[in-house]
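**Q** My structure is in coords03.csv, and what it holds is CSV, C-alpha atoms and all ligand atoms:
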```csv
chain,number,residue,atom,x,y,z
T,1,MET,CA,-5.1,-33.2,2.4
T,2,ALA,CA,-5.3,-29.4,2.9
T,3,ARG,CA,-8.5,-27.3,3.3
T,4,ILE,CA,-8.2,-24.5,0.8
T,5,GLY,CA,-10.3,-21.4,0.1
T,6,VAL,CA,-10.1,-19.3,-3.0
T,7,ILE,CA,-10.5,-15.5,-3.3
T,8,GLY,CA,-11.6,-14.5,-6.8
T,9,SER,CA,-13.2,-17.8,-7.2
T,10,GLU,CA,-15.5,-16.9,-10.1
T,11,GLY,CA,-12.6,-15.5,-12.1
T,12,ARG,CA,-10.5,-17.1,-14.8
T,13,MET,CA,-7.8,-18.2,-12.2
T,14,GLY,CA,-10.4,-19.0,-9.6
T,15,GLN,CA,-12.0,-21.6,-11.9
T,16,ALA,CA,-8.7,-23.1,-12.8
T,17,LEU,CA,-7.7,-23.3,-9.1
T,18,MET,CA,-10.9,-25.1,-8.1
T,19,ALA,CA,-9.9,-27.8,-10.6
T,20,ALA,CA,-6.3,-27.9,-9.5
T,21,ILE,CA,-7.1,-28.1,-5.8
T,22,THR,CA,-9.4,-31.1,-6.3
T,23,GLN,CA,-7.1,-32.8,-8.8
T,24,ALA,CA,-4.3,-32.6,-6.3
T,25,GLY,CA,-6.5,-34.4,-3.7
T,26,HIS,CA,-7.2,-31.4,-1.5
T,27,GLU,CA,-10.5,-30.0,-0.1
T,28,TYR,CA,-11.9,-27.0,-2.0
T,29,VAL,CA,-13.7,-25.4,1.0
T,30,GLY,CA,-15.3,-22.6,-1.0
T,31,GLY,CA,-14.7,-19.3,-2.6
T,32,VAL,CA,-15.4,-15.6,-2.3
T,33,ASP,CA,-15.7,-12.7,-4.8
T,34,LYS,CA,-16.4,-9.0,-4.5
T,35,GLY,CA,-18.7,-8.5,-1.4
T,36,GLY,CA,-18.1,-12.1,-0.1
T,37,ASP,CA,-17.2,-12.9,3.5
T,38,VAL,CA,-13.5,-13.8,3.4
T,39,THR,CA,-13.3,-13.9,7.2
T,40,ALA,CA,-15.9,-16.7,7.4
T,41,LEU,CA,-14.1,-18.5,4.6
T,42,ALA,CA,-10.7,-18.2,6.3
T,43,ALA,CA,-12.0,-19.6,9.5
T,44,GLN,CA,-12.7,-23.0,7.8
T,45,CYS,CA,-9.3,-23.2,5.9
T,46,ASP,CA,-5.7,-24.2,6.3
T,47,ALA,CA,-4.8,-21.8,3.5
T,48,LEU,CA,-6.3,-19.1,1.3
T,49,VAL,CA,-5.3,-18.5,-2.3
T,50,ASP,CA,-5.9,-15.0,-3.6
T,51,PHE,CA,-6.2,-14.3,-7.3
T,52,SER,CA,-8.6,-11.4,-7.3
T,53,ALA,CA,-7.8,-7.6,-7.3
T,54,PRO,CA,-5.4,-5.3,-5.4
T,55,ALA,CA,-8.4,-3.6,-3.7
T,56,ALA,CA,-9.1,-6.9,-1.9
T,57,LEU,CA,-5.7,-7.4,-0.4
T,58,GLU,CA,-6.0,-5.6,2.9
T,59,ASP,CA,-9.2,-7.5,3.8
T,60,ASN,CA,-7.6,-10.8,2.7
T,61,LEU,CA,-4.6,-10.3,4.9
T,62,SER,CA,-6.7,-9.3,7.8
T,63,ALA,CA,-8.9,-12.4,7.4
T,64,ALA,CA,-5.9,-14.8,7.1
T,65,ARG,CA,-4.3,-13.2,10.2
T,66,THR,CA,-7.5,-13.5,12.3
T,67,ALA,CA,-7.9,-17.2,11.3
T,68,GLY,CA,-4.1,-17.9,11.5
T,69,CYS,CA,-4.2,-19.5,8.1
T,70,ALA,CA,-1.5,-19.4,5.4
T,71,LEU,CA,-2.0,-17.1,2.4
T,72,VAL,CA,-0.8,-17.4,-1.2
T,73,ILE,CA,-1.1,-14.1,-3.1
T,74,GLY,CA,-1.1,-14.3,-6.9
T,75,THR,CA,-2.9,-11.1,-7.6
T,76,THR,CA,-0.8,-8.6,-9.6
T,77,GLY,CA,-0.9,-4.8,-10.0
T,78,LEU,CA,0.2,-4.4,-6.4
T,79,GLU,CA,1.6,-1.0,-5.2
T,80,PRO,CA,4.3,-0.3,-2.6
T,81,ALA,CA,1.6,0.2,0.1
T,82,HIS,CA,0.3,-3.4,-0.6
T,83,HIS,CA,3.8,-4.8,-0.1
T,84,THR,CA,4.0,-2.9,3.3
T,85,HIS,CA,0.7,-4.6,4.3
T,86,ILE,CA,2.1,-8.0,3.3
T,87,ASP,CA,5.3,-7.5,5.2
T,88,SER,CA,3.2,-6.5,8.3
T,89,ALA,CA,0.9,-9.6,8.1
T,90,ALA,CA,4.0,-11.8,7.5
T,91,ARG,CA,5.1,-11.1,11.0
T,92,GLN,CA,2.1,-13.2,12.2
T,93,ILE,CA,1.3,-15.7,9.4
T,94,ALA,CA,3.0,-17.5,6.5
T,95,VAL,CA,2.5,-15.5,3.3
T,96,LEU,CA,3.8,-16.3,-0.2
T,97,GLN,CA,3.4,-13.6,-2.8
T,98,THR,CA,4.5,-13.9,-6.4
T,99,GLY,CA,3.7,-12.4,-9.8
T,100,ASN,CA,3.8,-15.9,-11.3
T,101,THR,CA,3.1,-19.2,-9.6
T,102,SER,CA,4.3,-21.3,-12.5
T,103,LEU,CA,7.4,-23.4,-12.0
T,104,GLY,CA,8.7,-22.5,-15.4
T,105,VAL,CA,8.7,-18.8,-14.8
T,106,THR,CA,10.3,-19.3,-11.4
T,107,LEU,CA,13.2,-21.0,-13.0
T,108,LEU,CA,13.3,-18.5,-15.8
T,109,ALA,CA,13.7,-15.7,-13.3
T,110,HIS,CA,16.7,-17.6,-11.8
T,111,LEU,CA,18.3,-17.8,-15.3
T,112,VAL,CA,17.7,-14.1,-16.0
T,113,GLN,CA,19.3,-13.1,-12.7
T,114,GLU,CA,22.3,-15.3,-13.6
T,115,ALA,CA,22.6,-13.9,-17.1
T,116,ALA,CA,22.3,-10.3,-15.9
T,117,ALA,CA,25.0,-10.9,-13.3
T,118,ARG,CA,27.4,-12.3,-15.9
T,119,LEU,CA,26.8,-9.8,-18.7
T,120,GLY,CA,27.7,-6.1,-18.2
T,121,THR,CA,25.5,-3.1,-18.9
T,122,ASP,CA,26.8,-3.0,-22.5
T,123,TRP,CA,24.1,-5.7,-22.9
T,124,ASP,CA,20.7,-4.0,-22.9
T,125,ILE,CA,17.9,-5.7,-21.1
T,126,GLU,CA,14.3,-5.5,-22.5
T,127,ILE,CA,11.3,-7.4,-21.2
T,128,VAL,CA,8.4,-8.0,-23.6
T,129,GLU,CA,5.1,-9.6,-22.5
T,130,MET,CA,1.8,-10.4,-24.1
T,131,HIS,CA,-1.5,-11.2,-22.4
T,132,HIS,CA,-5.2,-11.7,-23.2
T,133,ARG,CA,-7.4,-8.7,-24.0
T,134,MET,CA,-9.0,-8.8,-20.5
T,135,LYS,CA,-5.8,-8.1,-18.5
T,136,VAL,CA,-6.1,-4.9,-16.5
T,137,ASP,CA,-2.5,-4.2,-15.3
T,138,ALA,CA,0.7,-3.5,-17.1
T,139,PRO,CA,3.5,-4.3,-17.0
T,140,SER,CA,2.5,-7.8,-15.9
T,141,GLY,CA,3.4,-9.0,-12.4
T,142,THR,CA,5.7,-11.5,-14.2
T,143,ALA,CA,7.5,-8.9,-16.2
T,144,LEU,CA,8.2,-7.0,-13.0
T,145,LEU,CA,9.4,-10.1,-11.3
T,146,LEU,CA,11.7,-10.8,-14.2
T,147,GLY,CA,12.9,-7.2,-14.1
T,148,GLU,CA,13.5,-7.5,-10.4
T,149,ALA,CA,15.6,-10.7,-11.1
T,150,ALA,CA,17.6,-8.8,-13.8
T,151,ALA,CA,18.1,-5.8,-11.5
T,152,LYS,CA,19.2,-8.1,-8.6
T,153,GLY,CA,21.7,-9.8,-10.9
T,154,ARG,CA,23.2,-6.4,-11.7
T,155,GLY,CA,23.1,-5.3,-8.1
T,156,VAL,CA,20.8,-2.4,-8.7
T,157,ASP,CA,17.3,-1.3,-7.6
T,158,LEU,CA,14.7,-1.8,-10.4
T,159,ASP,CA,12.9,1.4,-9.4
T,160,HIS,CA,16.1,3.3,-10.4
T,161,VAL,CA,16.5,1.7,-13.9
T,162,LYS,CA,13.0,0.8,-15.0
T,163,ASP,CA,11.9,2.2,-18.4
T,164,SER,CA,8.3,1.4,-19.1
T,165,GLY,CA,5.9,2.6,-21.8
T,166,ARG,CA,8.2,4.4,-24.2
T,167,ASP,CA,6.3,6.8,-26.6
T,168,GLY,CA,7.3,9.8,-28.6
T,169,GLN,CA,10.7,11.6,-28.5
T,170,THR,CA,12.2,9.3,-25.8
T,171,GLY,CA,15.8,10.1,-26.6
T,172,ALA,CA,18.5,7.4,-26.8
T,173,ARG,CA,18.3,4.4,-24.4
T,174,GLU,CA,19.9,5.0,-21.0
T,175,THR,CA,22.8,2.7,-20.3
T,176,GLY,CA,21.7,0.2,-17.6
T,177,ALA,CA,18.0,0.7,-18.2
T,178,ILE,CA,15.7,-2.3,-17.9
T,179,GLY,CA,12.9,-1.7,-20.5
T,180,PHE,CA,9.3,-3.1,-20.5
T,181,ALA,CA,6.8,-3.4,-23.3
T,182,ALA,CA,3.3,-4.8,-22.8
T,183,LEU,CA,1.1,-6.2,-25.6
T,184,ARG,CA,-2.6,-7.1,-25.1
T,185,GLY,CA,-4.9,-9.2,-27.4
T,186,GLY,CA,-6.8,-12.3,-27.9
T,187,THR,CA,-6.7,-15.1,-25.3
T,188,VAL,CA,-3.0,-15.3,-24.7
T,189,ALA,CA,-2.5,-16.9,-21.2
T,190,GLY,CA,0.9,-15.2,-20.7
T,191,ASP,CA,4.1,-14.9,-22.8
T,192,HIS,CA,7.3,-13.3,-21.5
T,193,SER,CA,10.6,-12.8,-23.2
T,194,VAL,CA,13.7,-11.2,-21.7
T,195,ILE,CA,16.0,-10.0,-24.4
T,196,LEU,CA,19.6,-9.3,-23.6
T,197,ALA,CA,20.8,-7.3,-26.6
T,198,GLY,CA,24.6,-6.8,-27.0
T,199,ASP,CA,26.6,-5.5,-29.9
T,200,GLU,CA,25.9,-7.7,-32.9
T,201,GLU,CA,24.4,-10.5,-30.8
T,202,ARG,CA,21.3,-11.1,-28.8
T,203,ILE,CA,20.0,-13.7,-26.2
T,204,THR,CA,16.3,-14.2,-25.7
T,205,LEU,CA,14.9,-16.1,-22.8
T,206,THR,CA,11.3,-16.9,-23.2
T,207,HIS,CA,8.4,-18.6,-21.3
T,208,ASN,CA,5.1,-19.3,-22.9
T,209,ALA,CA,2.1,-20.2,-20.8
T,210,GLU,CA,-0.2,-22.4,-22.9
T,211,ASN,CA,-2.9,-22.7,-20.3
T,212,ARG,CA,-3.6,-21.0,-17.0
T,213,MET,CA,-3.7,-24.4,-15.3
T,214,ILE,CA,0.1,-24.1,-15.0
T,215,PHE,CA,-0.4,-21.1,-12.6
T,216,ALA,CA,-3.2,-23.0,-10.7
T,217,ARG,CA,-1.0,-26.1,-10.3
T,218,GLY,CA,1.9,-23.9,-9.2
T,219,ALA,CA,-0.3,-22.2,-6.6
T,220,VAL,CA,-1.4,-25.5,-5.2
T,221,LYS,CA,2.3,-26.5,-4.9
T,222,ALA,CA,2.9,-23.2,-3.1
T,223,VAL,CA,0.0,-24.0,-0.7
T,224,GLU,CA,1.4,-27.5,0.0
T,225,TRP,CA,4.8,-26.0,0.8
T,226,LEU,CA,3.5,-23.1,2.8
T,227,ILE,CA,1.2,-24.9,5.2
T,228,GLY,CA,2.9,-25.4,8.5
T,229,LYS,CA,5.7,-22.9,7.8
T,230,ASN,CA,6.7,-20.3,10.4
T,231,ALA,CA,5.3,-16.8,10.0
T,232,GLY,CA,7.2,-15.0,7.3
T,233,ARG,CA,7.1,-13.8,3.7
T,234,TYR,CA,8.1,-16.3,1.1
T,235,THR,CA,8.3,-16.6,-2.7
T,236,MET,CA,8.2,-19.4,-5.3
T,237,ASN,CA,12.0,-19.5,-5.1
T,238,ASP,CA,11.5,-21.0,-1.6
T,239,VAL,CA,9.1,-23.6,-3.0
T,240,LEU,CA,11.7,-24.7,-5.6
T,241,SER,CA,14.7,-24.3,-3.2
T,242,LEU,CA,16.3,-21.8,-5.6
T,301,LIG,N1,0.6,-14.9,-10.0
T,301,LIG,C1,0.1,-15.6,-11.0
T,301,LIG,O1,0.7,-16.7,-11.4
T,301,LIG,C2,-1.1,-15.2,-11.8
T,301,LIG,C3,-1.7,-14.0,-11.4
T,301,LIG,N2,-2.8,-13.6,-12.0
T,301,LIG,C4,-3.5,-12.5,-11.4
T,301,LIG,O2,-4.6,-12.9,-10.7
T,301,LIG,C5,-5.6,-11.9,-10.7
T,301,LIG,C6,-6.9,-12.4,-11.2
T,301,LIG,O3,-6.8,-12.8,-12.6
T,301,LIG,P1,-8.0,-13.4,-13.4
T,301,LIG,O4,-8.5,-14.6,-12.7
T,301,LIG,O5,-7.6,-13.5,-14.8
T,301,LIG,O6,-9.1,-12.2,-13.3
T,301,LIG,P2,-10.6,-12.3,-13.3
T,301,LIG,O7,-11.1,-10.9,-13.6
T,301,LIG,O8,-11.1,-13.3,-14.2
T,301,LIG,O9,-11.1,-12.7,-11.8
T,301,LIG,C7,-10.9,-11.9,-10.7
T,301,LIG,C8,-11.9,-12.3,-9.7
T,301,LIG,O10,-11.7,-11.6,-8.5
T,301,LIG,C9,-12.9,-11.1,-8.0
T,301,LIG,N3,-12.7,-9.9,-7.3
T,301,LIG,C10,-12.6,-8.6,-7.7
T,301,LIG,N4,-12.5,-7.8,-6.7
T,301,LIG,C11,-12.6,-8.5,-5.6
T,301,LIG,C12,-12.6,-8.2,-4.2
T,301,LIG,N5,-12.5,-6.9,-3.8
T,301,LIG,N6,-12.8,-9.2,-3.3
T,301,LIG,C13,-12.9,-10.5,-3.7
T,301,LIG,N7,-12.9,-10.8,-5.0
T,301,LIG,C14,-12.8,-9.8,-5.9
T,301,LIG,C15,-13.7,-10.9,-9.3
T,301,LIG,O11,-15.1,-10.9,-8.9
T,301,LIG,P3,-16.1,-9.9,-9.5
T,301,LIG,O12,-16.3,-10.4,-10.9
T,301,LIG,O13,-17.3,-10.0,-8.7
T,301,LIG,O14,-15.5,-8.5,-9.5
T,301,LIG,C16,-13.4,-12.1,-10.1
T,301,LIG,O15,-14.2,-13.2,-9.8
T,301,LIG,C17,-5.0,-10.7,-11.6
T,301,LIG,O16,-4.4,-9.8,-10.8
T,301,LIG,C18,-4.0,-11.5,-12.4
T,301,LIG,O17,-3.0,-10.6,-12.9
T,301,LIG,C19,-3.4,-14.3,-13.0
T,301,LIG,C20,-2.8,-15.5,-13.5
T,301,LIG,C21,-1.6,-16.0,-12.9
T,302,LIG,O1,-3.5,-11.7,-15.7
T,302,LIG,C1,-3.1,-12.8,-16.1
T,302,LIG,O2,-3.7,-13.5,-16.9
T,302,LIG,C2,-1.7,-13.1,-15.7
T,302,LIG,N1,-1.2,-12.4,-14.8
T,302,LIG,C3,0.1,-12.7,-14.2
T,302,LIG,C4,1.0,-11.5,-14.5
T,302,LIG,O3,0.5,-10.3,-14.3
T,302,LIG,O4,2.2,-11.7,-14.8
T,302,LIG,C5,0.7,-14.0,-14.5
T,302,LIG,C6,0.4,-14.5,-15.9
T,302,LIG,O5,1.3,-14.0,-16.8
T,302,LIG,C7,-1.1,-14.3,-16.3
```
Just give me the structure as C-alpha cells.
**A**
Amino acid sequence: MARIGVIGSEGRMGQALMAAITQAGHEYVGGVDKGGDVTALAAQCDALVDFSAPAALEDNLSAARTAGCALVIGTTGLEPAHHTHIDSAARQIAVLQTGNTSLGVTLLAHLVQEAAARLGTDWDIEIVEMHHRMKVDAPSGTALLLGEAAAKGRGVDLDHVKDSGRDGQTGARETGAIGFAALRGGTVAGDHSVILAGDEERITLTHNAENRMIFARGAVKAVEWLIGKNAGRYTMNDVLSL
C-alpha cells in the first residue's frame, strides 16, 4: 500500500484520482489546490500525483525534492522551461511526466511511431483531438505526445515540422509537416485520431476516452511502478515496458 497525495485534488482529475487510489487499495493521504501547502503534503507521502496547472509545477517539484518522494506529472500545457525544471528535479527524485496516463494512449503512441517509421513523407500526418468545453490548453498534451511519437518514427524534431492552428491563406501543405487540429465542446473526456493520409488511401488510428477514470487508473499504475525507482525521468512507456 502506497501513501499518495494529489495536487489539483478538487478538480475533475483530482476527484477521479481520489476514487482510483482508494479502489486500488492505497492510502489517499490528502490533496492540495491553489494556495495549499504542497510541502506539508509531500512530507507525508510516498508519491505525489499532479493534475493541476503549469503554474504549480515548480513548487510541486521542489516539494517532492525536499521530501524525497516520487512524483507523477499529468498536467498539460507545459512549456520548455517546465521541462528543464523536471529534468533538473529528476537528478534527485523519480519523476514520471506524460500528457496521457491511459494505457490505451500509451500503446497508440507506440503504434503511431511504428506507422510513421514505415511510411514515407508522401503520407501526410494530421492529428485531430476533441475535448470538453472547459479544457484550457491546445493542442492537448496527448496530441503533442502523439506528434512526438510520429516525429520520432520519422527521425525528425517535432518543433521543426509542427503545423498547428491553420487559418486563412495557409498555402499548400508542407511535405513532412505534422498537423494539429483542436476541437472543444460538451463533456468529451478526450478523443484523439492520428490520420496518415497517402495518395488515394488513408489510415486512421483513434483512441476515445469514455471516462476520465482511465487516466486516474493509469496514474495509479504509474505511481505503483515509480515508487522505489532510482532518481530519473520516466514515461508511461517505462510502465508498459514499451
Ligand atoms: N496526463 C493525463 O492523462 C491527463 C491530464 N490532464 C491534465 O490535468 C490538468 C487538470 O485537469 P482537470 O482536472 O480537468 O482540471 P480542473 O480545472 O478540473 O482541475 C485543476 C485543479 O488544479 C487546481 N490548481 C490550479 N492551480 C493550482 C496551483 N497553482 N496549485 C495547486 N493546485 C492548482 C485547481 O484548483 P483551483 O480551482 O483552486 O484553481 C483545480 O482544483 C490539466 O492540465 C489537464 O490537461 C487531464 C486529464 C488526463
Ligand atoms: O484536459 C483534459 O481533460 C485532458 N487532458 C490531457 C491532454 O491534454 O491530452 C489528457 C486527456 O486527453 C484529457
**Q** Determine, counting only C-alpha atoms, every residue of protein, DNA or RNA that lies within 7 Å of (2.6, -14.7, -24.1) in the file coordinates, then give the result as a PyMOL selection string.
**A** chain T and resi 129-131+188-192+208-209
**Q** Any chance you could tabulate, as a Markdown table, the residues of chain T at most 8 Å from ligand LIG 301 (chain T) with each one's nearest atom pair and distance in Å to one decimal, using all atoms listed in the file, in chain and rising number order?
**A**
```
| residue | atom | partner | partner_atom | distance |
| --- | --- | --- | --- | --- |
| T:Ile7 | CA | T:LIG301 | N7 | 5.5 |
| T:Gly8 | CA | T:LIG301 | O10 | 3.4 |
| T:Ser9 | CA | T:LIG301 | O15 | 5.4 |
| T:Glu10 | CA | T:LIG301 | O15 | 3.9 |
| T:Gly11 | CA | T:LIG301 | O9 | 3.2 |
| T:Arg12 | CA | T:LIG301 | O4 | 3.8 |
| T:Met13 | CA | T:LIG301 | O4 | 3.7 |
| T:Gly14 | CA | T:LIG301 | O4 | 5.7 |
| T:Gln15 | CA | T:LIG301 | O4 | 7.9 |
| T:Val32 | CA | T:LIG301 | C13 | 5.8 |
| T:Asp33 | CA | T:LIG301 | N7 | 3.4 |
| T:Lys34 | CA | T:LIG301 | N6 | 3.8 |
| T:Gly35 | CA | T:LIG301 | N6 | 6.2 |
| T:Gly36 | CA | T:LIG301 | C13 | 6.5 |
| T:Val38 | CA | T:LIG301 | C13 | 7.9 |
| T:Asp50 | CA | T:LIG301 | O2 | 7.5 |
| T:Phe51 | CA | T:LIG301 | O2 | 4.0 |
| T:Ser52 | CA | T:LIG301 | O10 | 3.3 |
| T:Ala53 | CA | T:LIG301 | N4 | 4.7 |
| T:Pro54 | CA | T:LIG301 | O16 | 7.1 |
| T:Ala55 | CA | T:LIG301 | N5 | 5.3 |
| T:Ala56 | CA | T:LIG301 | N5 | 3.9 |
| T:Leu57 | CA | T:LIG301 | N5 | 7.6 |
| T:Ile73 | CA | T:LIG301 | N1 | 7.2 |
| T:Gly74 | CA | T:LIG301 | N1 | 3.6 |
| T:Thr75 | CA | T:LIG301 | O16 | 3.8 |
| T:Thr76 | CA | T:LIG301 | O16 | 4.0 |
| T:Gly77 | CA | T:LIG301 | O16 | 6.2 |
| T:Gln97 | CA | T:LIG301 | N1 | 7.8 |
| T:Thr98 | CA | T:LIG301 | N1 | 5.4 |
| T:Gly99 | CA | T:LIG301 | N1 | 4.0 |
| T:Asn100 | CA | T:LIG301 | O1 | 3.2 |
| T:Thr101 | CA | T:LIG301 | O1 | 3.9 |
| T:Ser102 | CA | T:LIG301 | O1 | 5.9 |
| T:Met134 | CA | T:LIG301 | O7 | 7.5 |
| T:Lys135 | CA | T:LIG301 | O17 | 6.7 |
| T:Val136 | CA | T:LIG301 | O17 | 7.4 |
| T:Asp137 | CA | T:LIG301 | O17 | 6.9 |
| T:Ser140 | CA | T:LIG301 | O17 | 6.9 |
| T:Gly141 | CA | T:LIG301 | O17 | 6.6 |
| T:Thr142 | CA | T:LIG301 | N1 | 7.4 |
| T:Ala189 | CA | T:LIG301 | C20 | 7.8 |
| T:Arg212 | CA | T:LIG301 | C20 | 6.6 |
| T:Phe215 | CA | T:LIG301 | O1 | 4.7 |
| T:Ala216 | CA | T:LIG301 | O1 | 7.4 |
| T:Gly218 | CA | T:LIG301 | O1 | 7.6 |
| T:Ala219 | CA | T:LIG301 | O1 | 7.4 |
```
**Q** If we count all atoms listed in the file, what is near Leu103 (chain T) at a cut-off of 12 Å, once residues fewer than 4 positions away on the same chain are taken out, given as a PyMOL selection string?
**A** chain T and resi 98-99+107-110+207-209+213-222+235-242
**Q** Which residue is closest to Asp199 (chain T)? Choose from T:Glu148, T:Asp122, T:Glu174, T:Asp157 and count all atoms listed in the file.
**A**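 Of all the options, T:Asp122 lies closest to Asp199 (chain T).
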**Q** So how far away is CA of Leu183 (chain T) from CA of Val128 (chain T), in Å?
**A**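 Computing it gives 7.8 Å between the two atoms.
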**Q** Which residue gives the smallest distance to ligand LIG 302 (chain T) among T:Val95, T:Ala151, T:Ala89, T:Ala138, with all atoms listed in the file counted?
**A**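 Checking each candidate against ligand LIG 302 (chain T), we get T:Ala138 as the closest.
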**Q** Quick one: of T:Gly232, T:Ala24, T:Leu61, T:Val72, who's nearest to Val6 (chain T), counting only C-alpha atoms?
**A** T:Val72
**Q** Name the closest residue to ligand LIG 302 (chain T) among the candidates T:Glu224, T:Glu210, T:Asp37, T:Glu27; distances are taken between atoms, counting all atoms listed in the file.
**A**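 Smallest distance to ligand LIG 302 (chain T) is found for T:Glu210.
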**Q** Which residues come within 12 Å of Glu201 (chain T), counting only C-alpha atoms, excluding same-chain residues fewer than 5 positions away, as a list in words?
**A**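 Everything that qualifies: Asp122, Trp123, Asp124, Ile195 and Leu196 of chain T.
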**Q** Can you tell me which residues surround region 161-164 of chain T at a distance of at most 7 Å, considering all atoms listed in the file, apart from same-chain residues fewer than 2 positions away, and format the answer as an mmCIF file with C-alpha atoms, in the frame of the given file?
**A**
```cif
data_model
loop_
_atom_site.group_PDB
_atom_site.id
_atom_site.type_symbol
_atom_site.label_atom_id
_atom_site.label_comp_id
_atom_site.auth_asym_id
_atom_site.auth_seq_id
_atom_site.Cartn_x
_atom_site.Cartn_y
_atom_site.Cartn_z
ATOM 1 C CA LEU T 158 14.700 -1.800 -10.400
ATOM 2 C CA ASP T 159 12.900 1.400 -9.400
ATOM 3 C CA ARG T 166 8.200 4.400 -24.200
ATOM 4 C CA GLY T 176 21.700 0.200 -17.600
ATOM 5 C CA ALA T 177 18.000 0.700 -18.200
ATOM 6 C CA ILE T 178 15.700 -2.300 -17.900
ATOM 7 C CA GLY T 179 12.900 -1.700 -20.500
ATOM 8 C CA PHE T 180 9.300 -3.100 -20.500
ATOM 9 C CA ALA T 181 6.800 -3.400 -23.300
#
```
**Q** Between T:Ile203, T:Val156, T:Ala143, T:Ala16, which has the minimum distance to ligand LIG 302 (chain T) (counting only C-alpha atoms and all ligand atoms)?
**A**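 Among T:Ile203, T:Val156, T:Ala143, T:Ala16, it is T:Ala143 that comes nearest to ligand LIG 302 (chain T).
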**Q** Of the residues T:Asn60, T:Asn211, T:Thr84, T:Gln169, which is the one nearest to ligand LIG 302 (chain T), using all atoms listed in the file?
**A**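 That would be T:Asn211, the residue with the smallest distance to ligand LIG 302 (chain T).
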